[in-house]
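Student: Take a look at data_6.pdb, PDB, C-alpha atoms and all ligand atoms:
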```pdb
ATOM      1  CA  THR A  25      43.433-151.902-102.271
ATOM      2  CA  PHE A  26      47.201-152.004-101.607
ATOM      3  CA  LYS A  27      48.216-152.683-105.207
ATOM      4  CA  GLU A  28      49.957-149.737-106.832
ATOM      5  CA  GLU A  29      49.021-146.879-104.510
ATOM      6  CA  PHE A  30      51.680-144.467-103.340
ATOM      7  CA  VAL A  31      50.151-143.489-100.058
ATOM      8  CA  THR A  32      47.562-144.646 -97.547
ATOM      9  CA  CYS A  33      44.786-142.194 -96.688
ATOM     10  CA  GLY A  34      43.424-141.836 -93.169
ATOM     11  CA  GLY A  35      45.227-142.190 -89.879
ATOM     12  CA  VAL A  36      45.598-140.253 -86.648
ATOM     13  CA  ALA A  37      43.638-136.985 -86.818
ATOM     14  CA  LEU A  38      45.872-133.925 -87.061
ATOM     15  CA  SER A  39      43.624-132.228 -84.505
ATOM     16  CA  ASP A  40      44.839-134.797 -81.956
ATOM     17  CA  ILE A  41      48.518-133.958 -82.540
ATOM     18  CA  ASN A  42      50.575-130.994 -81.299
ATOM     19  CA  ASN A  43      52.197-129.863 -84.564
ATOM     20  CA  GLU A  44      55.073-128.169 -82.746
ATOM     21  CA  THR A  45      56.238-131.448 -81.204
ATOM     22  CA  MET A  46      54.191-134.181 -82.985
ATOM     23  CA  GLU A  47      53.131-135.403 -79.540
ATOM     24  CA  SER A  48      49.688-136.893 -79.076
ATOM     25  CA  LYS A  49      47.251-134.603 -77.281
ATOM     26  CA  ARG A  50      45.546-137.691 -75.889
ATOM     27  CA  VAL A  51      48.545-139.796 -74.828
ATOM     28  CA  PRO A  52      51.475-137.775 -73.448
ATOM     29  CA  GLY A  53      54.831-139.192 -74.526
ATOM     30  CA  LEU A  54      53.443-140.709 -77.749
ATOM     31  CA  TYR A  55      54.722-139.102 -80.966
ATOM     32  CA  PHE A  56      53.647-139.470 -84.594
ATOM     33  CA  ALA A  57      55.303-138.936 -87.977
ATOM     34  CA  GLY A  58      54.625-139.776 -91.612
ATOM     35  CA  GLU A  59      51.893-141.948 -92.970
ATOM     36  CA  VAL A  60      50.417-142.900 -89.624
ATOM     37  CA  MET A  61      48.831-139.434 -89.622
ATOM     38  CA  ASP A  62      45.744-138.372 -91.584
ATOM     39  CA  ILE A  63      47.659-136.362 -94.181
ATOM     40  CA  ASP A  64      48.641-137.288 -97.739
ATOM     41  CA  GLY A  65      49.420-135.981-101.190
ATOM     42  CA  ILE A  66      48.919-137.971-104.395
ATOM     43  CA  THR A  67      52.648-138.034-105.150
ATOM     44  CA  GLY A  68      55.326-135.560-106.197
ATOM     45  CA  GLY A  69      57.445-135.838-103.091
ATOM     46  CA  PHE A  70      54.870-134.410-100.690
ATOM     47  CA  ASN A  71      54.557-137.683 -98.777
ATOM     48  CA  PHE A  72      58.309-138.039 -98.400
ATOM     49  CA  GLN A  73      58.484-134.428 -97.229
ATOM     50  CA  VAL A  74      55.756-135.034 -94.656
ATOM     51  CA  ALA A  75      57.561-138.130 -93.364
ATOM     52  CA  TRP A  76      60.941-136.403 -93.135
ATOM     53  CA  THR A  77      59.675-133.137 -91.669
ATOM     54  CA  THR A  78      57.367-134.633 -89.072
ATOM     55  CA  GLY A  79      60.040-137.181 -88.160
ATOM     56  CA  TRP A  80      62.545-134.399 -87.634
ATOM     57  CA  ILE A  81      60.086-132.416 -85.495
ATOM     58  CA  ALA A  82      59.165-135.477 -83.425
ATOM     59  CA  GLY A  83      62.817-136.342 -82.867
ATOM     60  CA  LYS A  84      64.272-132.948 -82.065
ATOM     61  CA  LEU A  85      65.084-132.130 -78.501
ATOM     62  CA  THR A  86      62.916-129.397 -77.013
TER
HETATM   63  C1  LIG A 101      55.280-147.667-104.742
HETATM   64  C2  LIG A 101      55.341-146.366-103.947
HETATM   65  C3  LIG A 101      55.800-145.215-104.549
HETATM   66  C4  LIG A 101      55.854-144.016-103.835
HETATM   67  N1  LIG A 101      56.304-142.888-104.458
HETATM   68  C5  LIG A 101      56.305-141.735-103.784
HETATM   69  C6  LIG A 101      56.762-140.529-104.426
HETATM   70  O1  LIG A 101      57.162-140.519-105.601
HETATM   71  N2  LIG A 101      56.746-139.381-103.695
HETATM   72  C7  LIG A 101      56.307-139.339-102.405
HETATM   73  O2  LIG A 101      56.325-138.279-101.802
HETATM   74  N3  LIG A 101      55.880-140.452-101.779
HETATM   75  C8  LIG A 101      55.877-141.633-102.440
HETATM   76  N4  LIG A 101      55.444-142.756-101.801
HETATM   77  C9  LIG A 101      54.978-142.622-100.419
HETATM   78  C10 LIG A 101      56.147-142.613 -99.431
HETATM   79  O3  LIG A 101      57.013-143.703 -99.732
HETATM   80  C11 LIG A 101      55.568-142.772 -98.012
HETATM   81  O4  LIG A 101      54.584-141.781 -97.777
HETATM   82  C12 LIG A 101      56.663-142.636 -96.973
HETATM   83  O5  LIG A 101      57.700-143.564 -97.217
HETATM   84  C13 LIG A 101      56.061-142.880 -95.585
HETATM   85  O6  LIG A 101      57.105-142.909 -94.654
HETATM   86  P1  LIG A 101      56.822-143.447 -93.200
HETATM   87  O7  LIG A 101      58.159-143.411 -92.509
HETATM   88  O8  LIG A 101      55.679-142.722 -92.580
HETATM   89  O9  LIG A 101      56.322-144.943 -93.384
HETATM   90  P2  LIG A 101      57.108-146.185 -94.003
HETATM   91  O10 LIG A 101      58.137-145.755 -95.007
HETATM   92  O11 LIG A 101      56.021-147.130 -94.429
HETATM   93  O12 LIG A 101      57.905-146.782 -92.764
HETATM   94  C14 LIG A 101      57.277-147.549 -91.779
HETATM   95  C15 LIG A 101      58.299-148.536 -91.265
HETATM   96  O13 LIG A 101      57.770-149.198 -90.112
HETATM   97  C16 LIG A 101      58.117-150.552 -90.197
HETATM   98  N5  LIG A 101      57.165-151.283 -89.364
HETATM   99  C17 LIG A 101      55.873-151.602 -89.612
HETATM  100  N6  LIG A 101      55.343-152.287 -88.596
HETATM  101  C18 LIG A 101      56.317-152.392 -87.666
HETATM  102  C19 LIG A 101      56.372-152.981 -86.395
HETATM  103  N7  LIG A 101      55.314-153.584 -85.848
HETATM  104  N8  LIG A 101      57.534-152.905 -85.701
HETATM  105  C20 LIG A 101      58.608-152.278 -86.230
HETATM  106  N9  LIG A 101      58.619-151.681 -87.442
HETATM  107  C21 LIG A 101      57.480-151.754 -88.137
HETATM  108  C22 LIG A 101      58.044-150.894 -91.672
HETATM  109  O14 LIG A 101      58.788-152.043 -91.974
HETATM  110  C23 LIG A 101      58.653-149.632 -92.287
HETATM  111  O15 LIG A 101      60.058-149.713 -92.420
HETATM  112  C24 LIG A 101      55.414-143.973-102.485
HETATM  113  C25 LIG A 101      54.959-145.139-101.880
HETATM  114  C26 LIG A 101      54.911-146.331-102.602
HETATM  115  C27 LIG A 101      54.422-147.586-101.914
END
```
Rewrite the structure from the file as structure tokens, please.
Tutor:
Amino acid sequence: TFKEEFVTCGGVALSDINNETMESKRVPGLYFAGEVMDIDGITGGFNFQVAWTTGWIAGKLT
């Protein structure tokens, strides 16, 4: 309900994302990171870690 929640559930299915590059399997050249993906923890730093780690993977040069 977007009041006091820490994280939004749902998003782009992980099965549609290459987890070695974070590139979309459906749309080449499109990359995802963080909350836009269908992955979340209640709290405890897991959501920050997901955002930072997937952002780093998406941004690194291959
Ligand atoms: C109150 C609160 C407490 C939290 N506490 C914790 C915690 O203790 N531990 C934890 O792990 N997680 C916590 N979280 C969750 C964590 O903050 C998020 O999961 C994380 O910040 C997501 O990062 P993100 O980069 O994916 O998205 P965001 O941080 O939401 O970044 C998205 C960015 O995109 C920008 N944007 C949106 N639309 C557009 C547009 N059209 N064009 C350009 N820019 C746009 C937004 O302004 C924003 O800066 C908390 C969240 C909230 C709300």
Student: Starting from the shown file, work through the PyMOL selection byres (((chain A and resi 58-68) around 9) and not hetatm) and note down what comes out as a PyMOL selection string.
Tutor: chain A and resi 29-38+41+56-57+69-79
Student: First collect every listed atom of ligand LIG 101 (chain A); then fit an axis-aligned box around them, widen it by 5 Å on each side, and give centre and edge lengths in Å to one decimal, as AutoDock Vina command-line options.
Tutor:
```
--center_x 57.2 --center_y -145.9 --center_z -95.7 --size_x 15.6 --size_y 25.3 --size_z 29.9
```
Student: To verify the selection step, state as a list in words which residues the PyMOL selection byres (((chain A and resi 84) around 12) and not hetatm) yields on this input.
Tutor: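 Those residues are Glu44, Thr45, Met46, Glu47, Tyr55, Thr77, Thr78, Gly79, Trp80, Ile81, Ala82, Gly83, Leu85 and Thr86 of chain A.
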Student: Atom C22 of ligand LIG 101 (chain A) and CA of Leu54 (chain A), how far apart in Å?
Tutor: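 Atom C22 of ligand LIG 101 (chain A) lies 17.9 Å from CA of Leu54 (chain A).
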Student: So how far away is CA of Asp40 (chain A) from CA of Gly53 (chain A), in Å?
Tutor: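 Pair CA of Gly53 (chain A) / CA of Asp40 (chain A) returns 13.2 Å.
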Student: For region 56-83 of chain A, supply N, CA and C atoms and format the output as a compact mmCIF listing (two decimals), in the frame of the given file.
Tutor:
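Okay, part-v1.txt is ready:
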```
# COMPACT_ATOMS: atom_id res chain seq x y z
N PHE A 56 54.01 -138.95 -83.28
CA PHE A 56 53.65 -139.47 -84.59
C PHE A 56 54.46 -138.79 -85.69
N ALA A 57 54.65 -139.52 -86.80
CA ALA A 57 55.30 -138.94 -87.98
C ALA A 57 54.90 -139.74 -89.20
N GLY A 58 54.83 -139.09 -90.34
CA GLY A 58 54.62 -139.78 -91.61
C GLY A 58 53.22 -140.31 -91.82
N GLU A 59 53.16 -141.43 -92.47
CA GLU A 59 51.89 -141.95 -92.97
C GLU A 59 50.90 -142.36 -91.89
N VAL A 60 51.34 -142.52 -90.69
CA VAL A 60 50.42 -142.90 -89.62
C VAL A 60 49.41 -141.77 -89.35
N MET A 61 49.72 -140.57 -89.84
CA MET A 61 48.83 -139.43 -89.62
C MET A 61 47.87 -139.27 -90.80
N ASP A 62 46.76 -138.59 -90.55
CA ASP A 62 45.74 -138.37 -91.58
C ASP A 62 46.14 -137.18 -92.45
N ILE A 63 47.20 -137.39 -93.25
CA ILE A 63 47.66 -136.36 -94.18
C ILE A 63 48.33 -137.09 -95.35
N ASP A 64 48.04 -136.64 -96.58
CA ASP A 64 48.64 -137.29 -97.74
C ASP A 64 48.53 -136.40 -98.97
N GLY A 65 49.49 -136.57 -99.87
CA GLY A 65 49.42 -135.98 -101.19
C GLY A 65 49.38 -137.14 -102.17
N ILE A 66 48.99 -136.87 -103.43
CA ILE A 66 48.92 -137.97 -104.40
C ILE A 66 50.32 -138.52 -104.64
N THR A 67 51.25 -137.65 -104.96
CA THR A 67 52.65 -138.03 -105.15
C THR A 67 53.44 -136.74 -105.29
N GLY A 68 54.58 -136.79 -105.94
CA GLY A 68 55.33 -135.56 -106.20
C GLY A 68 56.28 -135.19 -105.08
N GLY A 69 56.50 -136.12 -104.16
CA GLY A 69 57.44 -135.84 -103.09
C GLY A 69 56.81 -135.30 -101.82
N PHE A 70 55.51 -134.99 -101.87
CA PHE A 70 54.87 -134.41 -100.69
C PHE A 70 54.82 -135.41 -99.54
N ASN A 71 54.63 -136.68 -99.85
CA ASN A 71 54.56 -137.68 -98.78
C ASN A 71 55.92 -137.92 -98.13
N PHE A 72 56.96 -137.94 -98.95
CA PHE A 72 58.31 -138.04 -98.40
C PHE A 72 58.59 -136.82 -97.52
N GLN A 73 58.21 -135.65 -98.00
CA GLN A 73 58.48 -134.43 -97.23
C GLN A 73 57.76 -134.46 -95.89
N VAL A 74 56.52 -134.92 -95.90
CA VAL A 74 55.76 -135.03 -94.66
C VAL A 74 56.46 -135.99 -93.70
N ALA A 75 56.90 -137.14 -94.23
CA ALA A 75 57.56 -138.13 -93.36
C ALA A 75 58.84 -137.56 -92.77
N TRP A 76 59.66 -136.93 -93.62
CA TRP A 76 60.94 -136.40 -93.14
C TRP A 76 60.74 -135.25 -92.15
N THR A 77 59.85 -134.33 -92.50
CA THR A 77 59.68 -133.14 -91.67
C THR A 77 59.06 -133.48 -90.33
N THR A 78 58.00 -134.30 -90.35
CA THR A 78 57.37 -134.63 -89.07
C THR A 78 58.27 -135.54 -88.24
N GLY A 79 59.07 -136.37 -88.90
CA GLY A 79 60.04 -137.18 -88.16
C GLY A 79 61.09 -136.33 -87.49
N TRP A 80 61.55 -135.30 -88.20
CA TRP A 80 62.54 -134.40 -87.63
C TRP A 80 61.95 -133.65 -86.44
N ILE A 81 60.73 -133.15 -86.59
CA ILE A 81 60.09 -132.42 -85.50
C ILE A 81 59.90 -133.33 -84.28
N ALA A 82 59.42 -134.55 -84.53
CA ALA A 82 59.16 -135.48 -83.42
C ALA A 82 60.46 -135.85 -82.70
N GLY A 83 61.57 -135.88 -83.46
CA GLY A 83 62.82 -136.34 -82.87
C GLY A 83 63.68 -135.27 -82.26
```
